[in-house]
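Reviewing the structure listed below.
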Amino acid sequence: MESSWSASFTRLSLVILVFITVSVTSFSASVPPLKSVCQNMLPHHHDYKPQTSQAPYQITTSGSTVAGGQGVVVMLNSTVEGTLFRGFYMQARDENSKPIGSFTANDFAKTHSCFGIRYSSAHHANGKIEKPNGSVIWTAPKDYIGEVIFISTFVKDFVTIWSGVYSDPVTVTP
């Protein structure tokens, strides 16, 4: 009887340990598509607040115009030599500040859906690796005409975060 209880306890402990390990390591490699993350674009790193200083990062694009249904390369870069980032979270927003278009996952970025819009957000593929830059392709909706702005949150480390980093506008044409 005692060995049966001991074996059950050991199995339960192992399951809990595996669950905790998967939960902890998954956040460094992914961002959960929670409504609050989709809306305010902030990581859930306890009560740490974004920095109020100028971000040492920028968002640039491969062009200032893109045709509907076509892609543009969106680049995230450090603006201060030696300043790296571990993570980021980015969306393209239309003139009403709603997520729009879709990102394509690659070695640098994963995607997830917000507010029912497939692949409308891009985030770091690996938060354990420090990086000075990276890029992801964003595709404009075929039926949209107007301007979009890319907005990103950069994570230097678990407690050092800059939010509200904006690109210059990109015009989507027919």
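In the structure tokens, each chain is lettered A, B, ... as it comes, each chain's residues begin at 1, and ligands are numbered from 1 in order of appearance.
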
Kindly assemble as a tab-separated table a list of the range 36-110 of chain A residues that lie within 8 Å of range 160-174 of chain A, each paired with its nearest atom pair and their distance in Å to one decimal, using only C-alpha atoms, sorted first by chain and then by ascending residue number.
```
residue	atom	partner	partner_atom	distance
A:Met41	CA	A:Ser163	CA	7.5
A:Leu42	CA	A:Ser163	CA	7.2
A:Tyr48	CA	A:Thr160	CA	7.9
A:Lys49	CA	A:Ile161	CA	7.2
A:Pro50	CA	A:Ile161	CA	4.8
A:Gln51	CA	A:Trp162	CA	5.3
A:Thr52	CA	A:Trp162	CA	7.6
A:Ala55	CA	A:Trp162	CA	5.9
A:Tyr57	CA	A:Val165	CA	7.7
A:Gln58	CA	A:Val165	CA	6.7
A:Ile59	CA	A:Ser167	CA	4.9
A:Thr60	CA	A:Ser167	CA	5.8
A:Thr61	CA	A:Ser167	CA	7.7
A:Gly63	CA	A:Val170	CA	7.4
A:Ser64	CA	A:Val170	CA	4.7
A:Thr65	CA	A:Thr171	CA	4.6
A:Val66	CA	A:Val172	CA	5.0
A:Ala67	CA	A:Thr173	CA	4.7
A:Gly68	CA	A:Pro174	CA	5.5
```

Write a file of the selected residues as an mmCIF file, in the first residue's frame, keeping C-alpha atoms.
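Writing done, so here's out-v2.cif:
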```
data_model
loop_
_atom_site.group_PDB
_atom_site.id
_atom_site.type_symbol
_atom_site.label_atom_id
_atom_site.label_comp_id
_atom_site.auth_asym_id
_atom_site.auth_seq_id
_atom_site.Cartn_x
_atom_site.Cartn_y
_atom_site.Cartn_z
ATOM 1 C CA MET A 41 1.246 45.307 -26.001
ATOM 2 C CA LEU A 42 2.954 44.884 -22.628
ATOM 3 C CA TYR A 48 7.461 46.258 -14.024
ATOM 4 C CA LYS A 49 6.618 49.433 -15.934
ATOM 5 C CA PRO A 50 7.981 50.531 -19.313
ATOM 6 C CA GLN A 51 10.898 52.951 -19.336
ATOM 7 C CA THR A 52 10.050 56.630 -19.783
ATOM 8 C CA ALA A 55 13.959 53.881 -26.534
ATOM 9 C CA TYR A 57 15.532 50.935 -30.643
ATOM 10 C CA GLN A 58 13.697 51.824 -33.825
ATOM 11 C CA ILE A 59 11.352 50.313 -36.401
ATOM 12 C CA THR A 60 12.049 50.905 -40.090
ATOM 13 C CA THR A 61 10.510 49.482 -43.250
ATOM 14 C CA GLY A 63 9.480 51.093 -48.258
ATOM 15 C CA SER A 64 7.066 53.895 -47.472
ATOM 16 C CA THR A 65 4.335 52.441 -49.717
ATOM 17 C CA VAL A 66 3.057 48.936 -50.358
ATOM 18 C CA ALA A 67 0.263 47.667 -52.575
ATOM 19 C CA GLY A 68 -2.635 45.828 -50.954
#
```

What lies within 12 Å of range 108-120 of chain A using only C-alpha atoms, ignoring chain neighbours under 4 positions off, as a PDB file with C-alpha atoms, in the first residue's frame?
```pdb
ATOM      1  CA  ALA A  29      10.257  31.721 -26.448  1.00  0.00           C
ATOM      2  CA  SER A  30       6.714  32.961 -26.922  1.00  0.00           C
ATOM      3  CA  VAL A  31       4.131  35.561 -26.007  1.00  0.00           C
ATOM      4  CA  PRO A  32       0.670  34.382 -24.991  1.00  0.00           C
ATOM      5  CA  PRO A  33      -2.097  35.802 -27.226  1.00  0.00           C
ATOM      6  CA  LEU A  34      -3.996  37.225 -24.267  1.00  0.00           C
ATOM      7  CA  LYS A  35      -6.487  40.025 -24.896  1.00  0.00           C
ATOM      8  CA  SER A  36      -4.541  42.312 -22.559  1.00  0.00           C
ATOM      9  CA  VAL A  37      -1.252  41.667 -24.410  1.00  0.00           C
ATOM     10  CA  CYS A  38      -2.973  42.236 -27.757  1.00  0.00           C
ATOM     11  CA  GLN A  39      -4.440  45.503 -26.502  1.00  0.00           C
ATOM     12  CA  ASN A  40      -1.711  47.180 -24.449  1.00  0.00           C
ATOM     13  CA  MET A  41       1.246  45.307 -26.001  1.00  0.00           C
ATOM     14  CA  VAL A  74       9.784  45.529 -41.144  1.00  0.00           C
ATOM     15  CA  MET A  75      13.132  45.885 -39.382  1.00  0.00           C
ATOM     16  CA  LEU A  76      13.708  46.257 -35.654  1.00  0.00           C
ATOM     17  CA  ARG A  86      15.833  39.845 -25.988  1.00  0.00           C
ATOM     18  CA  GLY A  87      12.233  40.257 -26.999  1.00  0.00           C
ATOM     19  CA  PHE A  88       9.708  42.338 -28.862  1.00  0.00           C
ATOM     20  CA  TYR A  89       6.010  42.451 -29.589  1.00  0.00           C
ATOM     21  CA  MET A  90       4.719  44.258 -32.695  1.00  0.00           C
ATOM     22  CA  GLN A  91       1.537  45.058 -34.568  1.00  0.00           C
ATOM     23  CA  ALA A  92       0.625  47.125 -37.597  1.00  0.00           C
ATOM     24  CA  ARG A  93      -2.220  49.499 -36.747  1.00  0.00           C
ATOM     25  CA  ASP A  94      -4.586  51.308 -39.078  1.00  0.00           C
ATOM     26  CA  LYS A  98      -6.816  48.642 -34.899  1.00  0.00           C
ATOM     27  CA  PRO A  99      -4.451  45.749 -35.757  1.00  0.00           C
ATOM     28  CA  ILE A 100      -4.350  45.136 -39.498  1.00  0.00           C
ATOM     29  CA  GLY A 101      -2.576  42.866 -41.982  1.00  0.00           C
ATOM     30  CA  SER A 102      -0.535  39.775 -41.258  1.00  0.00           C
ATOM     31  CA  PHE A 103       3.034  38.919 -40.364  1.00  0.00           C
ATOM     32  CA  THR A 104       4.967  35.904 -41.667  1.00  0.00           C
ATOM     33  CA  HIS A 124      10.336  37.143 -30.613  1.00  0.00           C
ATOM     34  CA  ALA A 125      11.002  33.540 -31.550  1.00  0.00           C
ATOM     35  CA  ASN A 126      13.638  33.187 -28.841  1.00  0.00           C
ATOM     36  CA  GLY A 127      13.830  35.496 -25.831  1.00  0.00           C
ATOM     37  CA  LYS A 128      16.971  33.832 -24.508  1.00  0.00           C
ATOM     38  CA  ILE A 129      19.164  35.235 -27.286  1.00  0.00           C
ATOM     39  CA  GLU A 130      20.206  38.895 -27.221  1.00  0.00           C
ATOM     40  CA  LYS A 131      20.058  40.525 -30.638  1.00  0.00           C
ATOM     41  CA  PRO A 132      20.863  43.948 -32.145  1.00  0.00           C
ATOM     42  CA  ASN A 133      18.285  43.656 -34.935  1.00  0.00           C
ATOM     43  CA  GLY A 134      15.892  41.452 -36.838  1.00  0.00           C
ATOM     44  CA  SER A 135      13.194  41.604 -39.466  1.00  0.00           C
ATOM     45  CA  VAL A 136       9.813  40.186 -40.339  1.00  0.00           C
ATOM     46  CA  ILE A 137       7.576  40.486 -43.401  1.00  0.00           C
ATOM     47  CA  TRP A 138       4.179  42.156 -43.043  1.00  0.00           C
ATOM     48  CA  THR A 139       1.516  41.734 -45.719  1.00  0.00           C
ATOM     49  CA  ALA A 140      -1.064  44.459 -46.289  1.00  0.00           C
ATOM     50  CA  PRO A 141      -4.715  43.439 -46.648  1.00  0.00           C
ATOM     51  CA  PHE A 150       4.058  49.658 -36.846  1.00  0.00           C
ATOM     52  CA  ILE A 151       4.089  49.776 -33.061  1.00  0.00           C
TER      53      ILE A 151
END
```

Using only C-alpha atoms: which of A:Pro43, A:Gly69, A:Gly82, A:Pro56 has the shortest distance to Phe158 in chain A: A:Pro43

Separation of CA of Asn96 in chain A from CA of Ile149 in chain A, in Å and rounded to one decimal: 10.6 Å

Point-to-point distance from CA of Ser97 in chain A to CA of Ser152 in chain A, Å rounded to tenths: 13.1 Å

Strand (DSSP E) residues, from DSSP on the backbone, in range 12-173 of chain A, as a ChimeraX atom specification: /A:57-61,65-67,71-78,87-93,102-104,109-114,117-124,133-139,146-157,160-166,170-173

CA of Tyr144 in chain A to CA of Glu95 in chain A, straight-line distance in Å: 11.1 Å
